[in-house]
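In what follows, a single structure is set out as structure tokens and then discussed.
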Amino acid sequence: MVATELINKREGNSEPFSAPKLQASARKALVAAGLDATNVDYAALLAAGAQAGSTEEIAAVVEDWLKGQAEVAAVTYHEFRRKAIAKRAADKNLDVALGKLLHKDATVVNENANKDSDVFTTQRDLTAGTIARATGLKMLPPAVANAHIKGDIHWHDLDYQPYSPMTNCCLIDFKGMMANGFKIGNASMGTPQSIQVAVLQMVQIIASVASSQYGGCSSDRTDEVLAPYAQKNYDRHLQDAAQWIDDPVKREDYAKSKTIADITQAMESLEYQINTLYSSQGQTPFTTVGFGLGSNWIEREIQKAILKTRIKGLGTERRTAIFPKLVFTIKRGLNLNPADPNYDIKQLALECATKRMYPDVLMYDKIVELTGSFKAPMGCRSFLQGWRDENGTEVNSGRMNLGVVTVNLPRIALESAGDQKQFWALLESRLAVCHQALAFKVNRAKQASPKNAPTLYMYGAFGKRLAPDGDVDDLFKNGRATVSLGYIGLYEVGTVFFGPDWEKNKEAKAFTLAVVKSLYDHCNAWEAKEGYHYSVYSTPSESLTDRFCRMDTEKFGIIPNITDKEYYTNSFHYDVRKSPTPFEKIDFEKDYPQYCSGGFIHYCEYPNLKQNPKALEAVWDFAYDKIGYLGTNTPIDQCFKCGFKGEFAATARGFKCPDCGNTDPKTCDVVKRTCGYLGNPNQRPMVHGRHMEITSRHKHMSFGNDQVANSAN
């Protein structure tokens, strides 16, 4: 055999030869056979393996070498390989997949914290998704399907795509749809003549869009979009007042007070209707409402009504609403400082965040710097890049994401066994598979017909209105849409090479930055070649934080500070088990989004802030010129049996009231940040790894007023 640096895989792709990976496989077989593997000389095995050119040749080398150690070890290794091949085949087997669902396998029924697996609509969606997942694996290129099944990469939303040529998440063009009219089902909608009707149309659009794609949908600049319709309310009230009020000032006061009441009613209606919706996927539509940039009195009243409605809470028990996710924009000169005209609304946003965790905040100038234009995220964190149409007009709303594929970075680090050269070589081969997967996502989405999703393609949700036989690629190509390369576990990567406390090590920080920059550089190269915008995305990893870690524990065993935690850390986040100050955490994380502006969010963990909103404001102000997107995590759990308000204690599966031990979701309200959005784990349980990550989070320091003032300065 001729020596080679690359091993040809049975699926057609190739990877660099990995001595640590080969040694680990042999050692695992020896240990499983009951043999002592501590003082074994692997030199001959590694030398022979380095001469192999394919996976099958590598396997033969290992079996031959193990026979020289003990026949039983070779038999054990052969059995390992047989089971691994059978498992990969089983993942494509519909009977096996349906069996997991019928037996309520937690990795299936708890994969999405926004889905209640006890209700019929969700059960139907899970069943359809199980069929689509098994079928989809057969549709994927062999190298992609195998890498997903093994856990090298993760093809997101396999229960929807590639079985269907669906898109992922989007910024809905509400402004264009309501101004120009649209059709849903049998009903044609004209331009609304009041804010109440405008909100009703928004809700119908959200329901239709959420059922036509598989990701989140967002409303950008909601206060500015709805203001013209509230103006119509005001004009009518002013006309009514003119009939019986002579004083012009009093007429205006009357019209304004009636309009404010209409706005309040409309925003309450928006909140309640979204939380009572079920999409065809059997879940509440993942909806994000961006607002905060409006400056006239109507836009200000809409902002205030959104926040006051959220503070008030849902129902007679005043529970915290999970949706819509609220994203408030802070902008210098508008609402950042006390002299700014909308500073009072920032204070209301602070109050809301201390009581309901939302709104998350966008820093206007930093978002423009990082992404090229200002816009709300699609779903919880996916950002579009700045883009202009053929006329040079900036376009944000009406654009979308075509899907995500995430690479398992901790696995590459573990397979490299501390060898950085090996890490970069392995990363290169995994990214080649990711590129193949993402290109397949794009090509599959292009196979849709406008008739498949009329609301999206024909009636304006995606901006342009295509003919029934039009080409959907007109909305995707030339960088108009995004497709995202995700990543997970940068903390674990740093730990492999520099130890568990690497965050303050400059060399380690530079290495992890280089990893994300490598993803960024690859995406740029793919875009330059193909014309579609590949973006780097800091994956939310709701279920993936569990899946990748669980699979790597099976592969590598329990490794301190990596797999022993039972979860992998989201994206570039500081180790959640540590307690830096919010300012230290922001300073550490601020350097990463320049390379992953296709999707990111930062958050800080706080004690109860209801009596100290100035502390939260100090962090927001400190963050303004450093990061673009910041979430608040603070205890807001409630027990309706004993009256406790604060932070519930973690249990093996959920959370309990620390005073009376209550865990019943009917009589308590437990709200935690799942990843980029909130969830209620007692109502809708999460996968084990996500639960472990949440319970491992430490507060980013309780600070006094003096420290707040100093840090803000």
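By convention here, the chains of the structure tokens are called A, B, ... in the order presented, each chain's residues are numbered starting at 1, and ligands are numbered starting at 1 in the order presented.
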Which residues come within 6 Å of region 476-491 of chain A, counting only C-alpha atoms, excluding same-chain residues fewer than 3 positions away, as a PDB file with N, CA, C and O atoms, in the first residue's frame?
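Contents of part_39.pdb, as written:
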ATOM      1  N   ARG A 399     -37.261  38.549   3.203  1.00  0.00           N
ATOM      2  CA  ARG A 399     -36.131  37.656   2.917  1.00  0.00           C
ATOM      3  C   ARG A 399     -36.126  36.500   3.906  1.00  0.00           C
ATOM      4  O   ARG A 399     -36.855  36.506   4.898  1.00  0.00           O
ATOM      5  N   MET A 400     -35.294  35.502   3.629  1.00  0.00           N
ATOM      6  CA  MET A 400     -35.427  34.253   4.369  1.00  0.00           C
ATOM      7  C   MET A 400     -34.112  33.476   4.467  1.00  0.00           C
ATOM      8  O   MET A 400     -33.125  33.805   3.820  1.00  0.00           O
ATOM      9  N   ASN A 401     -34.151  32.423   5.287  1.00  0.00           N
ATOM     10  CA  ASN A 401     -33.035  31.494   5.433  1.00  0.00           C
ATOM     11  C   ASN A 401     -33.457  30.141   4.864  1.00  0.00           C
ATOM     12  O   ASN A 401     -34.609  29.728   5.030  1.00  0.00           O
ATOM     13  N   LEU A 402     -32.544  29.457   4.220  1.00  0.00           N
ATOM     14  CA  LEU A 402     -32.854  28.195   3.552  1.00  0.00           C
ATOM     15  C   LEU A 402     -32.468  26.974   4.371  1.00  0.00           C
ATOM     16  O   LEU A 402     -32.678  25.845   3.917  1.00  0.00           O
ATOM     17  N   GLY A 403     -31.927  27.173   5.564  1.00  0.00           N
ATOM     18  CA  GLY A 403     -31.635  26.033   6.419  1.00  0.00           C
ATOM     19  C   GLY A 403     -30.255  26.086   7.044  1.00  0.00           C
ATOM     20  O   GLY A 403     -29.430  26.933   6.707  1.00  0.00           O
ATOM     21  N   VAL A 404     -30.031  25.152   7.972  1.00  0.00           N
ATOM     22  CA  VAL A 404     -28.800  25.121   8.765  1.00  0.00           C
ATOM     23  C   VAL A 404     -28.237  23.708   8.807  1.00  0.00           C
ATOM     24  O   VAL A 404     -28.987  22.729   8.924  1.00  0.00           O
ATOM     25  N   VAL A 405     -26.936  23.615   8.723  1.00  0.00           N
ATOM     26  CA  VAL A 405     -26.190  22.383   8.994  1.00  0.00           C
ATOM     27  C   VAL A 405     -25.109  22.740   9.998  1.00  0.00           C
ATOM     28  O   VAL A 405     -24.372  23.714   9.798  1.00  0.00           O
ATOM     29  N   THR A 406     -25.026  21.985  11.086  1.00  0.00           N
ATOM     30  CA  THR A 406     -24.072  22.298  12.157  1.00  0.00           C
ATOM     31  C   THR A 406     -22.965  21.260  12.233  1.00  0.00           C
ATOM     32  O   THR A 406     -23.225  20.052  12.166  1.00  0.00           O
ATOM     33  N   VAL A 407     -21.740  21.746  12.409  1.00  0.00           N
ATOM     34  CA  VAL A 407     -20.584  20.868  12.541  1.00  0.00           C
ATOM     35  C   VAL A 407     -20.285  20.652  14.019  1.00  0.00           C
ATOM     36  O   VAL A 407     -20.375  21.564  14.842  1.00  0.00           O
ATOM     37  N   PRO A 410     -16.519  19.925  18.988  1.00  0.00           N
ATOM     38  CA  PRO A 410     -15.852  19.171  20.054  1.00  0.00           C
ATOM     39  C   PRO A 410     -15.360  17.798  19.596  1.00  0.00           C
ATOM     40  O   PRO A 410     -14.291  17.349  20.019  1.00  0.00           O
ATOM     41  N   ASP A 473     -36.300  30.485  -7.158  1.00  0.00           N
ATOM     42  CA  ASP A 473     -34.888  30.844  -7.046  1.00  0.00           C
ATOM     43  C   ASP A 473     -34.666  32.345  -7.220  1.00  0.00           C
ATOM     44  O   ASP A 473     -33.653  32.886  -6.787  1.00  0.00           O
ATOM     45  N   GLY A 494     -11.723  24.643  23.105  1.00  0.00           N
ATOM     46  CA  GLY A 494     -10.653  25.290  23.849  1.00  0.00           C
ATOM     47  C   GLY A 494     -10.156  24.436  24.999  1.00  0.00           C
ATOM     48  O   GLY A 494      -8.951  24.404  25.299  1.00  0.00           O
ATOM     49  N   GLY A 531     -22.837  32.136  -5.610  1.00  0.00           N
ATOM     50  CA  GLY A 531     -23.802  33.215  -5.658  1.00  0.00           C
ATOM     51  C   GLY A 531     -24.888  33.166  -4.605  1.00  0.00           C
ATOM     52  O   GLY A 531     -25.768  34.024  -4.586  1.00  0.00           O
ATOM     53  N   TYR A 532     -24.853  32.170  -3.703  1.00  0.00           N
ATOM     54  CA  TYR A 532     -25.796  32.114  -2.587  1.00  0.00           C
ATOM     55  C   TYR A 532     -25.057  32.517  -1.313  1.00  0.00           C
ATOM     56  O   TYR A 532     -23.875  32.193  -1.149  1.00  0.00           O
ATOM     57  N   HIS A 533     -25.760  33.210  -0.426  1.00  0.00           N
ATOM     58  CA  HIS A 533     -25.082  33.735   0.755  1.00  0.00           C
ATOM     59  C   HIS A 533     -24.987  32.672   1.848  1.00  0.00           C
ATOM     60  O   HIS A 533     -25.975  32.348   2.508  1.00  0.00           O
ATOM     61  N   TYR A 534     -23.789  32.138   2.016  1.00  0.00           N
ATOM     62  CA  TYR A 534     -23.501  31.214   3.116  1.00  0.00           C
ATOM     63  C   TYR A 534     -23.096  32.043   4.334  1.00  0.00           C
ATOM     64  O   TYR A 534     -22.183  32.870   4.256  1.00  0.00           O
ATOM     65  N   SER A 535     -23.769  31.829   5.450  1.00  0.00           N
ATOM     66  CA  SER A 535     -23.468  32.598   6.657  1.00  0.00           C
ATOM     67  C   SER A 535     -23.076  31.652   7.786  1.00  0.00           C
ATOM     68  O   SER A 535     -23.496  30.493   7.820  1.00  0.00           O
ATOM     69  N   VAL A 536     -22.266  32.161   8.697  1.00  0.00           N
ATOM     70  CA  VAL A 536     -21.890  31.385   9.884  1.00  0.00           C
ATOM     71  C   VAL A 536     -22.895  31.685  10.990  1.00  0.00           C
ATOM     72  O   VAL A 536     -23.202  32.840  11.275  1.00  0.00           O
ATOM     73  N   TYR A 537     -23.387  30.635  11.610  1.00  0.00           N
ATOM     74  CA  TYR A 537     -24.539  30.702  12.505  1.00  0.00           C
ATOM     75  C   TYR A 537     -24.185  30.034  13.829  1.00  0.00           C
ATOM     76  O   TYR A 537     -23.805  28.862  13.859  1.00  0.00           O
ATOM     77  N   SER A 538     -24.311  30.789  14.910  1.00  0.00           N
ATOM     78  CA  SER A 538     -24.058  30.236  16.248  1.00  0.00           C
ATOM     79  C   SER A 538     -25.288  29.457  16.687  1.00  0.00           C
ATOM     80  O   SER A 538     -26.220  30.003  17.267  1.00  0.00           O
ATOM     81  N   THR A 539     -25.299  28.177  16.395  1.00  0.00           N
ATOM     82  CA  THR A 539     -26.475  27.320  16.539  1.00  0.00           C
ATOM     83  C   THR A 539     -27.097  27.405  17.934  1.00  0.00           C
ATOM     84  O   THR A 539     -26.380  27.293  18.933  1.00  0.00           O
ATOM     85  N   TYR A 568     -23.110  20.030  25.642  1.00  0.00           N
ATOM     86  CA  TYR A 568     -22.099  20.882  25.033  1.00  0.00           C
ATOM     87  C   TYR A 568     -22.561  22.332  25.118  1.00  0.00           C
ATOM     88  O   TYR A 568     -23.759  22.628  25.078  1.00  0.00           O
ATOM     89  N   THR A 569     -21.624  23.232  25.200  1.00  0.00           N
ATOM     90  CA  THR A 569     -21.911  24.652  25.370  1.00  0.00           C
ATOM     91  C   THR A 569     -22.336  25.275  24.042  1.00  0.00           C
ATOM     92  O   THR A 569     -21.730  25.019  23.003  1.00  0.00           O
ATOM     93  N   ASN A 570     -23.364  26.097  24.109  1.00  0.00           N
ATOM     94  CA  ASN A 570     -23.822  26.792  22.907  1.00  0.00           C
ATOM     95  C   ASN A 570     -22.733  27.697  22.343  1.00  0.00           C
ATOM     96  O   ASN A 570     -22.096  28.458  23.077  1.00  0.00           O
ATOM     97  N   SER A 571     -22.517  27.599  21.066  1.00  0.00           N
ATOM     98  CA  SER A 571     -21.722  28.525  20.254  1.00  0.00           C
ATOM     99  C   SER A 571     -20.450  28.990  20.951  1.00  0.00           C
ATOM    100  O   SER A 571     -19.625  28.186  21.375  1.00  0.00           O
ATOM    101  N   PHE A 572     -20.298  30.336  21.092  1.00  0.00           N
ATOM    102  CA  PHE A 572     -19.061  30.920  21.631  1.00  0.00           C
ATOM    103  C   PHE A 572     -19.196  31.297  23.100  1.00  0.00           C
ATOM    104  O   PHE A 572     -18.351  32.019  23.634  1.00  0.00           O
TER     105      PHE A 572
END
- prompt: Got a sec: who's within 12 Å of Trp155 (chain A), counting only C-alpha atoms, leaving out chain neighbours fewer than 5 positions off, as a PyMOL selection string?
  reply: chain A and resi 133+136-137+140-141+144-150+160-162+403-408+433-438+440-441+484-487+539+541+544
- request: Determine, counting only C-alpha atoms, which protein, DNA and RNA residues have an atom within 7 Å of an atom of region 359-367 of chain A; residues of the same chain fewer than 4 positions away are not included. Present the result as number ranges by chain.
  value: A: 326-331, 349, 352-353, 371, 373-374, 624-625, 627-632
Could you write out the selected residues, including N, CA and C atoms, as a PDB file, in the first residue's frame?
ATOM      1  N   LEU A 326     -39.986  39.122  22.257  1.00  0.00           N
ATOM      2  CA  LEU A 326     -39.895  40.569  22.080  1.00  0.00           C
ATOM      3  C   LEU A 326     -38.437  40.991  21.951  1.00  0.00           C
ATOM      4  N   VAL A 327     -38.159  41.828  20.945  1.00  0.00           N
ATOM      5  CA  VAL A 327     -36.806  42.329  20.716  1.00  0.00           C
ATOM      6  C   VAL A 327     -36.887  43.851  20.580  1.00  0.00           C
ATOM      7  N   PHE A 328     -36.349  44.538  21.571  1.00  0.00           N
ATOM      8  CA  PHE A 328     -36.409  45.996  21.646  1.00  0.00           C
ATOM      9  C   PHE A 328     -35.082  46.583  21.167  1.00  0.00           C
ATOM     10  N   THR A 329     -35.161  47.626  20.339  1.00  0.00           N
ATOM     11  CA  THR A 329     -33.951  48.240  19.796  1.00  0.00           C
ATOM     12  C   THR A 329     -33.540  49.457  20.612  1.00  0.00           C
ATOM     13  N   ILE A 330     -32.273  49.489  20.992  1.00  0.00           N
ATOM     14  CA  ILE A 330     -31.684  50.657  21.636  1.00  0.00           C
ATOM     15  C   ILE A 330     -30.843  51.387  20.590  1.00  0.00           C
ATOM     16  N   LYS A 331     -31.034  52.715  20.515  1.00  0.00           N
ATOM     17  CA  LYS A 331     -30.301  53.502  19.532  1.00  0.00           C
ATOM     18  C   LYS A 331     -29.851  54.819  20.158  1.00  0.00           C
ATOM     19  N   ALA A 349     -38.915  49.146  29.102  1.00  0.00           N
ATOM     20  CA  ALA A 349     -38.321  47.894  28.617  1.00  0.00           C
ATOM     21  C   ALA A 349     -37.493  47.230  29.705  1.00  0.00           C
ATOM     22  N   CYS A 352     -39.849  45.603  32.117  1.00  0.00           N
ATOM     23  CA  CYS A 352     -40.390  44.392  31.510  1.00  0.00           C
ATOM     24  C   CYS A 352     -39.378  43.251  31.565  1.00  0.00           C
ATOM     25  N   ALA A 353     -38.120  43.539  31.266  1.00  0.00           N
ATOM     26  CA  ALA A 353     -37.081  42.501  31.272  1.00  0.00           C
ATOM     27  C   ALA A 353     -36.854  41.947  32.678  1.00  0.00           C
ATOM     28  N   THR A 371     -23.759  43.297  10.572  1.00  0.00           N
ATOM     29  CA  THR A 371     -24.534  42.635   9.523  1.00  0.00           C
ATOM     30  C   THR A 371     -24.726  43.470   8.266  1.00  0.00           C
ATOM     31  N   SER A 373     -26.699  46.134   7.815  1.00  0.00           N
ATOM     32  CA  SER A 373     -27.928  46.925   7.839  1.00  0.00           C
ATOM     33  C   SER A 373     -28.649  46.592   9.135  1.00  0.00           C
ATOM     34  N   PHE A 374     -29.648  47.404   9.480  1.00  0.00           N
ATOM     35  CA  PHE A 374     -30.375  47.090  10.705  1.00  0.00           C
ATOM     36  C   PHE A 374     -31.630  46.279  10.387  1.00  0.00           C
ATOM     37  N   TYR A 624     -23.587  48.449  24.703  1.00  0.00           N
ATOM     38  CA  TYR A 624     -24.085  49.095  23.484  1.00  0.00           C
ATOM     39  C   TYR A 624     -23.056  49.120  22.351  1.00  0.00           C
ATOM     40  N   ASP A 625     -21.850  49.518  22.617  1.00  0.00           N
ATOM     41  CA  ASP A 625     -20.835  49.618  21.568  1.00  0.00           C
ATOM     42  C   ASP A 625     -19.991  48.355  21.432  1.00  0.00           C
ATOM     43  N   ILE A 627     -21.473  44.711  21.708  1.00  0.00           N
ATOM     44  CA  ILE A 627     -22.173  43.562  21.129  1.00  0.00           C
ATOM     45  C   ILE A 627     -23.491  44.028  20.507  1.00  0.00           C
ATOM     46  N   GLY A 628     -24.058  43.197  19.655  1.00  0.00           N
ATOM     47  CA  GLY A 628     -25.249  43.605  18.931  1.00  0.00           C
ATOM     48  C   GLY A 628     -26.560  43.122  19.509  1.00  0.00           C
ATOM     49  N   TYR A 629     -26.530  42.052  20.325  1.00  0.00           N
ATOM     50  CA  TYR A 629     -27.786  41.381  20.675  1.00  0.00           C
ATOM     51  C   TYR A 629     -27.618  40.747  22.047  1.00  0.00           C
ATOM     52  N   LEU A 630     -28.474  41.130  22.998  1.00  0.00           N
ATOM     53  CA  LEU A 630     -28.276  40.728  24.393  1.00  0.00           C
ATOM     54  C   LEU A 630     -29.592  40.311  25.027  1.00  0.00           C
ATOM     55  N   GLY A 631     -29.566  39.162  25.709  1.00  0.00           N
ATOM     56  CA  GLY A 631     -30.734  38.661  26.426  1.00  0.00           C
ATOM     57  C   GLY A 631     -30.533  38.724  27.931  1.00  0.00           C
ATOM     58  N   THR A 632     -31.650  38.753  28.658  1.00  0.00           N
ATOM     59  CA  THR A 632     -31.655  38.837  30.118  1.00  0.00           C
ATOM     60  C   THR A 632     -32.182  37.531  30.699  1.00  0.00           C
TER      61      THR A 632
END
- request: May I have all residues of region 526-692 of chain A that DSSP, computed from the backbone, assigns to alpha helix (DSSP H), given as a VMD selection string?
  value: chain A and resid 526 to 530 544 to 556 582 to 589 613 to 623 688 to 692
query: Neighbours of Gln273 (chain A) within 12 Å (only C-alpha atoms; same-chain residues fewer than 4 positions away dropped), as a ChimeraX atom specification?
result: /A:199-204,206-207,265-269,277-278,284-285,287,314,321,323-324
- request: Give the strand (DSSP E) residues of region 265-322 of chain A, as assigned by DSSP on the backbone, as number ranges by chain.
  value: A: 287-291
field: Length of the CA of Gln193 (chain A) to CA of Asn233 (chain A) vector [Å]
entry: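 Taking CA of Gln193 (chain A) and CA of Asn233 (chain A), their separation equals 7.7 Å.
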